[in-house]
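So this block is final_11.cif, mmCIF, C-alpha atoms:
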```cif
data_run
#
loop_
_atom_site.label_atom_id
_atom_site.label_comp_id
_atom_site.auth_asym_id
_atom_site.auth_seq_id
_atom_site.Cartn_x
_atom_site.Cartn_y
_atom_site.Cartn_z
CA MET A 1 -37.42 -11.40 25.81
CA GLU A 2 -35.71 -13.49 23.13
CA GLN A 3 -36.34 -10.67 20.68
CA PHE A 4 -34.59 -8.14 22.93
CA GLU A 5 -31.60 -10.44 23.30
CA LYS A 6 -31.42 -10.81 19.53
CA LEU A 7 -31.61 -7.04 19.07
CA TYR A 8 -28.84 -6.56 21.63
CA LEU A 9 -26.74 -9.08 19.73
CA TYR A 10 -27.35 -7.24 16.47
CA LYS A 11 -26.33 -3.93 17.98
CA ARG A 12 -23.01 -5.37 19.16
CA ILE A 13 -22.18 -6.84 15.76
CA VAL A 14 -23.21 -3.61 14.01
CA GLN A 15 -20.98 -1.63 16.39
CA ALA A 16 -18.09 -3.98 15.57
CA LYS A 17 -18.69 -3.44 11.85
CA LEU A 18 -18.80 0.34 12.32
CA PHE A 19 -15.58 0.11 14.33
CA ILE A 20 -13.92 -1.54 11.32
CA ASP A 21 -15.40 1.14 9.01
CA HIS A 22 -13.85 3.91 11.13
CA HIS A 23 -10.52 2.31 12.05
CA TYR A 24 -9.58 0.32 8.92
CA ALA A 25 -6.45 2.48 8.47
CA GLU A 26 -5.11 1.48 11.88
CA LYS A 27 -3.77 -1.85 13.02
CA ILE A 28 -6.97 -3.66 13.87
CA ASP A 29 -6.76 -6.79 15.95
CA LEU A 30 -9.92 -8.74 15.23
CA ASP A 31 -9.45 -10.69 18.47
CA ASN A 32 -9.74 -7.37 20.27
CA ILE A 33 -12.95 -6.51 18.50
CA SER A 34 -14.57 -9.81 19.42
CA ASP A 35 -13.43 -9.27 23.03
CA GLN A 36 -14.93 -5.78 23.10
CA ALA A 37 -18.16 -7.12 21.66
CA CYS A 38 -18.12 -9.75 24.45
CA PHE A 39 -18.10 -12.69 22.07
CA SER A 40 -15.81 -15.62 21.67
CA LYS A 41 -13.81 -15.23 18.47
CA PHE A 42 -15.60 -18.15 16.83
CA HIS A 43 -19.06 -16.88 17.75
CA PHE A 44 -18.18 -13.37 16.59
CA ILE A 45 -16.93 -14.54 13.19
CA ARG A 46 -19.98 -16.75 12.69
CA LEU A 47 -22.46 -13.98 13.54
CA PHE A 48 -20.60 -11.37 11.51
CA LYS A 49 -20.62 -13.66 8.48
CA THR A 50 -24.34 -14.32 8.90
CA LEU A 51 -25.07 -10.59 8.96
CA TYR A 52 -22.67 -9.35 6.31
CA GLY A 53 -21.99 -12.33 4.10
CA ARG A 54 -18.23 -12.33 4.77
CA THR A 55 -15.89 -12.83 7.70
CA PRO A 56 -14.63 -9.77 9.66
CA HIS A 57 -11.18 -10.33 8.16
CA ASN A 58 -12.55 -10.43 4.61
CA TYR A 59 -14.70 -7.40 5.32
CA LEU A 60 -11.72 -5.43 6.64
CA LEU A 61 -9.74 -6.38 3.54
CA LYS A 62 -12.61 -5.29 1.30
CA ILE A 63 -12.85 -1.91 3.04
CA ARG A 64 -9.09 -1.39 2.75
CA ILE A 65 -9.09 -2.29 -0.95
CA GLU A 66 -12.05 0.01 -1.67
CA ARG A 67 -10.31 2.82 0.20
CA SER A 68 -7.08 2.23 -1.68
CA LYS A 69 -8.90 2.30 -5.01
CA LEU A 70 -10.32 5.70 -4.12
CA LEU A 71 -6.91 7.03 -3.03
CA LEU A 72 -5.20 5.68 -6.15
CA SER A 73 -7.84 7.29 -8.35
CA GLN A 74 -7.13 10.56 -6.53
CA GLY A 75 -3.50 10.28 -7.63
CA HIS A 76 -1.75 9.20 -4.40
CA CYS A 77 1.38 7.09 -4.82
CA VAL A 78 1.27 3.35 -4.11
CA PHE A 79 3.47 3.60 -1.01
CA ASP A 80 1.27 6.29 0.59
CA VAL A 81 -1.90 4.43 -0.33
CA SER A 82 -0.66 1.26 1.36
CA GLN A 83 -0.07 3.23 4.56
CA MET A 84 -3.29 5.22 4.40
CA SER A 85 -5.36 2.08 3.81
CA GLY A 86 -3.94 0.18 6.77
CA PHE A 87 -1.73 -2.37 5.02
CA ASP A 88 1.43 -3.60 6.73
CA SER A 89 3.67 -2.86 3.76
CA PRO A 90 3.53 -1.84 0.09
CA THR A 91 4.34 -5.46 -0.79
CA SER A 92 1.42 -6.94 1.13
CA PHE A 93 -0.79 -4.17 -0.28
CA ALA A 94 0.23 -4.87 -3.88
CA ALA A 95 -0.33 -8.61 -3.43
CA ALA A 96 -3.78 -8.16 -1.83
CA PHE A 97 -4.78 -5.55 -4.42
CA LYS A 98 -3.78 -7.76 -7.34
CA LYS A 99 -5.50 -10.79 -5.86
CA THR A 100 -8.74 -8.84 -5.34
CA THR A 101 -8.91 -6.66 -8.44
CA GLY A 102 -6.82 -8.67 -10.88
CA GLN A 103 -4.46 -5.76 -11.55
CA ALA A 104 -1.45 -4.16 -9.91
CA PRO A 105 -2.09 -0.89 -8.00
CA SER A 106 0.10 1.04 -10.45
CA VAL A 107 -1.87 -0.32 -13.41
CA PHE A 108 -5.18 0.54 -11.74
CA LYS A 109 -3.89 4.03 -10.95
CA GLU A 110 -2.80 4.65 -14.53
CA ARG A 111 -6.11 3.38 -15.94
CA GLU A 112 -8.03 5.64 -13.57
CA ARG A 113 -5.82 8.59 -14.55
CA VAL A 114 -6.54 7.99 -18.23
CA ARG A 115 -10.27 7.48 -17.55
CA GLN A 116 -10.49 10.72 -15.59
CA GLN A 117 -8.48 12.56 -18.22
CA ASP A 118 -10.85 11.28 -20.90
CA ILE A 119 -13.90 12.32 -18.89
CA GLY A 120 -12.30 15.68 -18.08
CA SER A 121 -11.64 16.46 -21.71
CA ASN A 122 -14.83 14.84 -22.95
CA PRO A 123 -17.48 14.04 -20.32
CA PHE A 124 -19.61 12.50 -23.04
CA PHE A 125 -17.46 9.38 -22.73
CA ALA A 126 -19.33 8.71 -19.49
CA ILE A 127 -22.76 10.21 -20.02
CA PRO A 128 -25.45 8.38 -22.00
CA ASN A 129 -26.59 10.73 -24.73
CA CYS A 130 -30.24 10.58 -23.63
CA PHE A 131 -29.30 12.12 -20.27
CA ALA A 132 -26.98 14.69 -21.85
CA GLU A 133 -29.71 15.78 -24.26
CA THR A 134 -32.37 16.11 -21.59
CA HIS A 135 -29.99 18.30 -19.60
CA GLY A 136 -29.25 20.37 -22.68
CA TRP A 137 -25.54 19.50 -22.50
CA THR A 138 -24.14 19.74 -26.00
CA LYS A 139 -20.79 18.42 -27.13
CA SER A 140 -19.73 21.84 -28.39
CA GLN A 141 -20.07 23.24 -24.84
CA PHE A 142 -17.49 20.88 -23.42
CA LEU A 143 -15.21 19.59 -26.14
CA ARG A 144 -11.89 21.27 -26.78
CA ASP A 145 -10.89 21.82 -30.40
CA ASP A 146 -8.17 19.17 -30.20
CA VAL A 147 -10.49 16.38 -29.00
CA MET B 1 -32.83 -8.86 -26.59
CA ILE B 2 -32.28 -6.52 -23.69
CA THR B 3 -29.47 -7.78 -21.47
CA LYS B 4 -28.87 -5.43 -18.53
CA LEU B 5 -29.89 -2.28 -16.71
CA THR B 6 -26.84 -0.01 -16.63
CA HIS B 7 -28.15 3.40 -15.58
CA LEU B 8 -30.88 4.47 -13.23
CA CYS B 9 -31.89 8.07 -12.56
CA ILE B 10 -32.88 9.47 -9.17
CA TYR B 11 -34.00 13.09 -8.94
CA VAL B 12 -32.23 14.87 -6.10
CA LEU B 13 -32.56 18.41 -4.78
CA ASN B 14 -28.91 18.94 -3.80
CA GLN B 15 -26.04 16.94 -5.26
CA GLU B 16 -23.64 17.78 -2.43
CA SER B 17 -25.88 16.36 0.27
CA ALA B 18 -26.96 13.51 -2.03
CA TYR B 19 -23.27 12.59 -2.34
CA ASP B 20 -22.95 12.56 1.43
CA PHE B 21 -26.10 10.46 1.83
CA TYR B 22 -25.38 7.83 -0.82
CA VAL B 23 -21.61 7.57 -0.29
CA ASN B 24 -21.06 8.23 3.42
CA LYS B 25 -24.31 6.86 4.82
CA LEU B 26 -25.39 4.13 2.41
CA GLY B 27 -21.79 3.20 1.56
CA PHE B 28 -22.18 3.40 -2.22
CA ILE B 29 -19.12 3.81 -4.46
CA VAL B 30 -18.69 6.88 -6.64
CA HIS B 31 -18.56 5.75 -10.27
CA THR B 32 -18.29 9.09 -12.09
CA ASP B 33 -18.19 12.64 -10.81
CA ALA B 34 -17.77 15.13 -13.64
CA PRO B 35 -18.44 18.87 -13.38
CA MET B 36 -20.86 20.00 -16.08
CA GLY B 37 -20.86 23.74 -15.36
CA GLU B 38 -23.20 26.06 -13.45
CA GLY B 39 -23.20 24.02 -10.23
CA VAL B 40 -24.25 20.79 -11.94
CA ARG B 41 -22.33 17.51 -11.91
CA TRP B 42 -22.77 14.25 -13.73
CA LEU B 43 -22.67 12.22 -10.54
CA THR B 44 -23.22 8.48 -10.53
CA VAL B 45 -22.83 6.00 -7.69
CA SER B 46 -23.02 2.21 -7.51
CA PRO B 47 -24.12 -0.22 -4.78
CA PRO B 48 -20.95 -1.78 -3.30
CA GLU B 49 -21.59 -5.22 -4.77
CA GLN B 50 -23.03 -4.05 -8.08
CA PRO B 51 -20.34 -1.79 -9.59
CA GLU B 52 -21.74 -2.12 -13.11
CA LEU B 53 -25.00 -0.34 -12.20
CA GLU B 54 -24.69 3.45 -12.27
CA ILE B 55 -27.28 5.37 -10.27
CA SER B 56 -27.34 8.91 -11.56
CA LEU B 57 -28.06 11.50 -8.87
CA PHE B 58 -29.85 13.83 -11.21
CA LEU B 59 -30.22 17.41 -9.99
CA VAL B 60 -33.62 19.03 -10.32
CA ILE B 61 -32.56 22.37 -11.74
CA GLU B 62 -33.95 24.86 -14.18
CA GLY B 63 -32.61 24.32 -17.68
CA ASP B 64 -33.44 22.46 -20.85
CA ILE B 65 -35.10 19.58 -19.06
CA PHE B 66 -37.14 21.51 -16.47
CA ASP B 67 -38.60 25.00 -16.75
CA LYS B 68 -39.07 27.13 -13.64
CA GLU B 69 -42.60 25.90 -13.00
CA THR B 70 -41.59 22.25 -13.41
CA VAL B 71 -38.67 22.69 -11.00
CA LYS B 72 -41.09 24.07 -8.43
CA THR B 73 -43.50 21.18 -8.94
CA MET B 74 -40.77 18.51 -9.00
CA THR B 75 -39.10 19.93 -5.89
CA ALA B 76 -42.38 19.85 -4.01
CA LEU B 77 -43.17 16.31 -5.18
CA VAL B 78 -39.72 14.91 -4.36
CA ARG B 79 -39.66 16.60 -0.97
CA LYS B 80 -43.17 15.33 -0.24
CA GLY B 81 -41.97 11.75 -0.75
CA THR B 82 -44.03 11.07 -3.86
CA PHE B 83 -41.40 8.96 -5.60
CA GLY B 84 -40.42 5.45 -4.61
CA ALA B 85 -37.26 4.98 -6.60
CA ALA B 86 -35.96 1.43 -6.19
CA VAL B 87 -35.59 -1.72 -4.13
CA PHE B 88 -32.23 -2.52 -2.54
CA THR B 89 -31.32 -5.81 -0.92
CA CYS B 90 -28.93 -6.71 1.88
CA HIS B 91 -27.68 -9.84 3.62
CA ASP B 92 -29.38 -9.04 6.90
CA LEU B 93 -32.05 -6.40 7.14
CA MET B 94 -32.02 -5.99 10.92
CA ALA B 95 -28.27 -5.32 10.99
CA THR B 96 -28.44 -2.92 8.04
CA TYR B 97 -31.42 -1.17 9.61
CA GLU B 98 -29.54 -0.70 12.90
CA GLU B 99 -26.44 0.56 11.11
CA LEU B 100 -28.26 3.04 8.89
CA LYS B 101 -30.30 4.34 11.82
CA THR B 102 -27.02 4.90 13.71
CA LYS B 103 -25.85 6.95 10.73
CA GLY B 104 -28.99 9.08 10.83
CA VAL B 105 -30.95 7.54 7.95
CA VAL B 106 -34.69 8.08 8.37
CA PHE B 107 -36.96 5.04 8.03
CA LYS B 108 -40.65 5.35 7.25
CA LYS B 109 -41.22 1.64 7.88
CA ALA B 110 -39.32 -0.59 10.31
CA PRO B 111 -38.36 -4.12 9.21
CA THR B 112 -41.55 -6.07 8.64
CA LYS B 113 -42.17 -9.67 7.62
CA GLU B 114 -43.51 -9.98 4.08
CA PHE B 115 -44.29 -13.03 1.92
CA TYR B 116 -40.93 -12.80 0.17
CA GLY B 117 -38.77 -11.99 3.20
CA TYR B 118 -38.40 -8.79 5.25
CA GLU B 119 -38.78 -5.19 4.14
CA ALA B 120 -38.10 -1.72 5.55
CA LEU B 121 -38.52 1.65 3.85
CA PHE B 122 -36.05 4.50 4.13
CA VAL B 123 -35.96 8.03 2.76
CA ASP B 124 -33.00 9.79 1.15
CA ASP B 125 -31.93 13.36 1.88
CA SER B 126 -34.20 14.72 -0.86
CA GLY B 127 -37.35 12.78 0.01
CA ASN B 128 -37.18 9.78 -2.35
CA TRP B 129 -38.07 6.54 -0.61
CA PHE B 130 -36.58 3.11 -1.13
CA SER B 131 -37.40 -0.40 -0.13
CA LEU B 132 -34.64 -2.22 1.69
CA SER B 133 -35.28 -5.93 1.59
CA GLN B 134 -33.90 -9.20 2.75
CA LEU B 135 -35.24 -11.91 0.51
CA ASN B 136 -36.11 -15.40 1.68
CA PRO B 137 -33.28 -17.88 1.01
#
```

Would you encode the structure as structure tokens?
Amino acid sequence: MEQFEKLYLYKRIVQAKLFIDHHYAEKIDLDNISDQACFSKFHFIRLFKTLYGRTPHNYLLKIRIERSKLLLSQGHCVFDVSQMSGFDSPTSFAAAFKKTTGQAPSVFKERERVRQQDIGSNPFFAIPNCFAETHGWTKSQFLRDDV
Amino acid sequence: MITKLTHLCIYVLNQESAYDFYVNKLGFIVHTDAPMGEGVRWLTVSPPEQPELEISLFLVIEGDIFDKETVKTMTALVRKGTFGAAVFTCHDLMATYEELKTKGVVFKKAPTKEFYGYEALFVDDSGNWFSLSQLNP
């Protein structure tokens, strides 16, 4: 019986985590999530941290930062990325991004642009030669004359 | 002295569905995705908390590395589940097991107590199997 109760508990926490995964771009009230999962806020945070190694708030922040990194690397502007990732404002986004990654969103975006440009013009920047050779990918197939 | 493992190669049968499996189901981060012509990509992903490790989703396709006969053999072997590719770890196996099952990941072994902690085995979209473990503290 105890095992079933534990499993039921797990399912509720997992559902809460999946809710964050799907709704990170919206205004998520973590109090609401704990209510929906039928836990007290304290109990919810403690269980979530046990299962995922970080608090729900930290997890939500991590998901938003990861999403924003992807969007920045796709070329979206900082303002749009802050909105699409669920941050309150570009300012709070920039502060959280810098605190987490150690660089400003604009700097990250530019570095990603250069990295992708380098890979686009010469994929051998990113591919270990052993793998390229086994695939039969030769530099002359991909490199432009000016590279 | 050798210091780190940086690249790991997993043979996949379809890079599009491998992308979906590793990124959307397992939650891995795309490290590099570069088109290499003729329907082949240099596609590498990383576990969320290990961004320095690139797992190359290596397409089994006829070319310099595999001839037609080898592709046929490799495809059959991968699909059959011959290759156990790696061991992943997580904070809590039961929670991760429940989540991945919700996302449609197929497990060939449910979480089981082992000497070193707990272990489950799951299969990717091609047929490669992996250990998913929670180690004893």

Would you mind listing, as a list of chain:residue names, all residues of chain B that have at least one atom within 7 Å of chain A, where only C-alpha atoms are what counts?
B:Ala34, B:Gly63, B:Asp64, B:Ile65, B:His91, B:Asp92, B:Ala95, B:Glu98, B:Glu99

Target residues per the PyMOL selection byres ((chain B and resi 84) around 10), formatted as JSON, numbers by chain:
{"B": [10, 78, 81, 82, 83, 85, 86, 87, 121, 122, 123, 127, 128, 129, 130, 131]}

I need the residues from that last selection saved to file as an mmCIF file, in the frame of the given file (with C-alpha atoms), if you can.
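So the final result, stored in selection_9.cif, reads:
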```cif
data_model
loop_
_atom_site.group_PDB
_atom_site.id
_atom_site.type_symbol
_atom_site.label_atom_id
_atom_site.label_comp_id
_atom_site.auth_asym_id
_atom_site.auth_seq_id
_atom_site.Cartn_x
_atom_site.Cartn_y
_atom_site.Cartn_z
ATOM 1 C CA ILE B 10 -32.880 9.470 -9.170
ATOM 2 C CA VAL B 78 -39.720 14.910 -4.360
ATOM 3 C CA GLY B 81 -41.970 11.750 -0.750
ATOM 4 C CA THR B 82 -44.030 11.070 -3.860
ATOM 5 C CA PHE B 83 -41.400 8.960 -5.600
ATOM 6 C CA ALA B 85 -37.260 4.980 -6.600
ATOM 7 C CA ALA B 86 -35.960 1.430 -6.190
ATOM 8 C CA VAL B 87 -35.590 -1.720 -4.130
ATOM 9 C CA LEU B 121 -38.520 1.650 3.850
ATOM 10 C CA PHE B 122 -36.050 4.500 4.130
ATOM 11 C CA VAL B 123 -35.960 8.030 2.760
ATOM 12 C CA GLY B 127 -37.350 12.780 0.010
ATOM 13 C CA ASN B 128 -37.180 9.780 -2.350
ATOM 14 C CA TRP B 129 -38.070 6.540 -0.610
ATOM 15 C CA PHE B 130 -36.580 3.110 -1.130
ATOM 16 C CA SER B 131 -37.400 -0.400 -0.130
#
```

The residues within 12 Å of (-11.0, 6.7, 7.0), using only C-alpha atoms and the coordinates of the file, should be reported as number ranges by chain; which are they?
A: 18-26, 63-64, 66-68, 70-71, 81, 83-86; B: 24

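Between CA of Leu59 (chain B) and CA of Ala18 (chain B) the separation is 9.4 Å.
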
Tell me which of B:Lys108, B:Lys113, B:His7, B:Lys103 sits closest to Tyr22 (chain B), counting only C-alpha atoms.
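Among the listed residues, B:Lys103 lies closest to Tyr22 (chain B).
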
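CA of Thr89 (chain B) is found 7.4 Å from CA of Leu135 (chain B).
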
Where is the centre and how long are the edges: axis-aligned box on region 46-63 of chain A, 5 Å on each side, Å to one decimal, as lines of an AutoDock Vina configuration file:
```
center_x = -17.4
center_y = -9.3
center_z = 7.4
size_x = 25.3
size_y = 24.8
size_z = 22.2
```

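Distance annotation: of B:Val71, B:Asn14, B:Leu8, B:Leu77, the residue with the minimal separation from Ser46 (chain B) is B:Leu8; atom set is all atoms listed in the file.
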
Pull out every residue that the PyMOL selection byres ((chain A and resi 113) around 12) matches in the shown coordinates and put them as a tab-separated table (two decimals) with C-alpha atoms, keeping the file's coordinate frame.
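Listed below is the output, out.tsv:
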```tsv
chain	number	residue	atom	x	y	z
A	69	LYS	CA	-8.90	2.30	-5.01
A	70	LEU	CA	-10.32	5.70	-4.12
A	71	LEU	CA	-6.91	7.03	-3.03
A	72	LEU	CA	-5.20	5.68	-6.15
A	73	SER	CA	-7.84	7.29	-8.35
A	74	GLN	CA	-7.13	10.56	-6.53
A	75	GLY	CA	-3.50	10.28	-7.63
A	76	HIS	CA	-1.75	9.20	-4.40
A	106	SER	CA	0.10	1.04	-10.45
A	107	VAL	CA	-1.87	-0.32	-13.41
A	108	PHE	CA	-5.18	0.54	-11.74
A	109	LYS	CA	-3.89	4.03	-10.95
A	110	GLU	CA	-2.80	4.65	-14.53
A	111	ARG	CA	-6.11	3.38	-15.94
A	112	GLU	CA	-8.03	5.64	-13.57
A	114	VAL	CA	-6.54	7.99	-18.23
A	115	ARG	CA	-10.27	7.48	-17.55
A	116	GLN	CA	-10.49	10.72	-15.59
A	117	GLN	CA	-8.48	12.56	-18.22
A	118	ASP	CA	-10.85	11.28	-20.90
A	119	ILE	CA	-13.90	12.32	-18.89
A	120	GLY	CA	-12.30	15.68	-18.08
```

From the list B:Ile2, B:Cys90, B:Gln134, B:Asp124, which residue is nearest Val106 (chain B) when using all atoms listed in the file?
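Among the listed residues, B:Asp124 lies closest to Val106 (chain B).
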
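The nearest approach to Thr6 (chain B) among the residues B:Lys72, B:His31, B:Lys101, B:Lys25, with only C-alpha atoms taken into account, belongs to B:His31.
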
Have a look at CA of Ser121 (chain A) and CA of Pro51 (chain B) and let me know their distance in Å, one decimal.
23.6 Å

Give me the result of the PyMOL selection byres ((chain B and resi 119) around 9) on this file, residue by residue, as a ChimeraX atom specification.
/B:93,109-114,116-118,120-121,131-135

With all atoms listed in the file as the counted atoms, please give the residues lying no more than 6 Å from Ser56 (chain B), apart from itself and same-chain residues fewer than 3 positions off, as a PyMOL selection string.
chain B and resi 8-9+43-44

From the block you just saw, export region 73-104 of chain B: N, CA and C atoms, as a CSV table (one decimal), in the first residue's frame.
```csv
chain,number,residue,atom,x,y,z
B,73,THR,N,23.2,-5.2,-42.7
B,73,THR,CA,23.5,-5.9,-41.4
B,73,THR,C,23.4,-5.0,-40.2
B,74,MET,N,24.0,-3.8,-40.3
B,74,MET,CA,23.9,-2.8,-39.2
B,74,MET,C,22.5,-2.4,-38.8
B,75,THR,N,21.7,-2.2,-39.9
B,75,THR,CA,20.3,-1.8,-39.7
B,75,THR,C,19.6,-2.9,-38.9
B,76,ALA,N,19.8,-4.1,-39.3
B,76,ALA,CA,19.2,-5.3,-38.7
B,76,ALA,C,19.6,-5.4,-37.2
B,77,LEU,N,20.9,-5.2,-37.0
B,77,LEU,CA,21.5,-5.4,-35.7
B,77,LEU,C,21.0,-4.3,-34.7
B,78,VAL,N,21.0,-3.0,-35.2
B,78,VAL,CA,20.5,-1.9,-34.4
B,78,VAL,C,19.1,-2.1,-34.1
B,79,ARG,N,18.3,-2.4,-35.1
B,79,ARG,CA,16.8,-2.6,-34.9
B,79,ARG,C,16.5,-3.7,-33.9
B,80,LYS,N,17.4,-4.7,-34.0
B,80,LYS,CA,17.2,-5.9,-33.1
B,80,LYS,C,17.5,-5.6,-31.7
B,81,GLY,N,18.2,-4.5,-31.4
B,81,GLY,CA,18.5,-4.2,-30.0
B,81,GLY,C,19.8,-4.8,-29.6
B,82,THR,N,20.7,-5.0,-30.5
B,82,THR,CA,22.0,-5.6,-30.2
B,82,THR,C,22.9,-4.8,-29.4
B,83,PHE,N,22.8,-3.4,-29.6
B,83,PHE,CA,23.8,-2.5,-29.0
B,83,PHE,C,23.3,-1.8,-27.8
B,84,GLY,N,24.0,-2.0,-26.7
B,84,GLY,CA,23.8,-1.2,-25.5
B,84,GLY,C,24.8,-0.1,-25.5
B,85,ALA,N,24.3,1.1,-25.7
B,85,ALA,CA,25.2,2.2,-26.0
B,85,ALA,C,25.9,3.0,-24.8
B,86,ALA,N,25.2,3.1,-23.7
B,86,ALA,CA,25.7,4.0,-22.7
B,86,ALA,C,24.9,3.8,-21.4
B,87,VAL,N,25.4,4.4,-20.3
B,87,VAL,CA,24.7,4.5,-19.0
B,87,VAL,C,24.5,6.0,-18.7
B,88,PHE,N,23.2,6.3,-18.5
B,88,PHE,CA,22.9,7.7,-18.1
B,88,PHE,C,22.5,7.6,-16.6
B,89,THR,N,22.7,8.8,-15.9
B,89,THR,CA,22.2,8.8,-14.6
B,89,THR,C,21.2,10.0,-14.4
B,90,CYS,N,20.4,9.9,-13.3
B,90,CYS,CA,19.5,10.9,-13.0
B,90,CYS,C,19.4,11.1,-11.5
B,91,HIS,N,18.7,12.1,-11.1
B,91,HIS,CA,18.6,12.3,-9.6
B,91,HIS,C,17.6,11.3,-9.0
B,92,ASP,N,16.5,11.0,-9.7
B,92,ASP,CA,15.6,10.1,-9.1
B,92,ASP,C,15.0,9.2,-10.3
B,93,LEU,N,15.3,8.0,-10.2
B,93,LEU,CA,15.0,7.1,-11.3
B,93,LEU,C,13.5,6.9,-11.5
B,94,MET,N,12.8,6.8,-10.4
B,94,MET,CA,11.3,6.6,-10.4
B,94,MET,C,10.6,7.7,-11.2
B,95,ALA,N,11.0,8.9,-10.8
B,95,ALA,CA,10.4,10.1,-11.4
B,95,ALA,C,10.7,10.2,-12.9
B,96,THR,N,12.0,9.9,-13.2
B,96,THR,CA,12.4,10.0,-14.6
B,96,THR,C,11.8,8.9,-15.4
B,97,TYR,N,11.6,7.7,-14.8
B,97,TYR,CA,11.0,6.6,-15.5
B,97,TYR,C,9.5,7.0,-15.8
B,98,GLU,N,8.8,7.6,-14.8
B,98,GLU,CA,7.4,8.0,-15.0
B,98,GLU,C,7.3,9.0,-16.1
B,99,GLU,N,8.2,10.0,-16.1
B,99,GLU,CA,8.2,11.1,-17.1
B,99,GLU,C,8.4,10.5,-18.5
B,100,LEU,N,9.4,9.7,-18.6
B,100,LEU,CA,9.8,9.2,-20.0
B,100,LEU,C,8.7,8.3,-20.5
B,101,LYS,N,8.1,7.5,-19.6
B,101,LYS,CA,7.0,6.6,-20.0
B,101,LYS,C,5.8,7.5,-20.5
B,102,THR,N,5.6,8.6,-19.8
B,102,THR,CA,4.5,9.5,-20.2
B,102,THR,C,4.8,10.0,-21.6
B,103,LYS,N,6.1,10.2,-21.9
B,103,LYS,CA,6.4,10.8,-23.3
B,103,LYS,C,6.5,9.7,-24.3
B,104,GLY,N,6.3,8.5,-23.9
B,104,GLY,CA,6.2,7.4,-24.9
B,104,GLY,C,7.5,6.6,-25.1
```
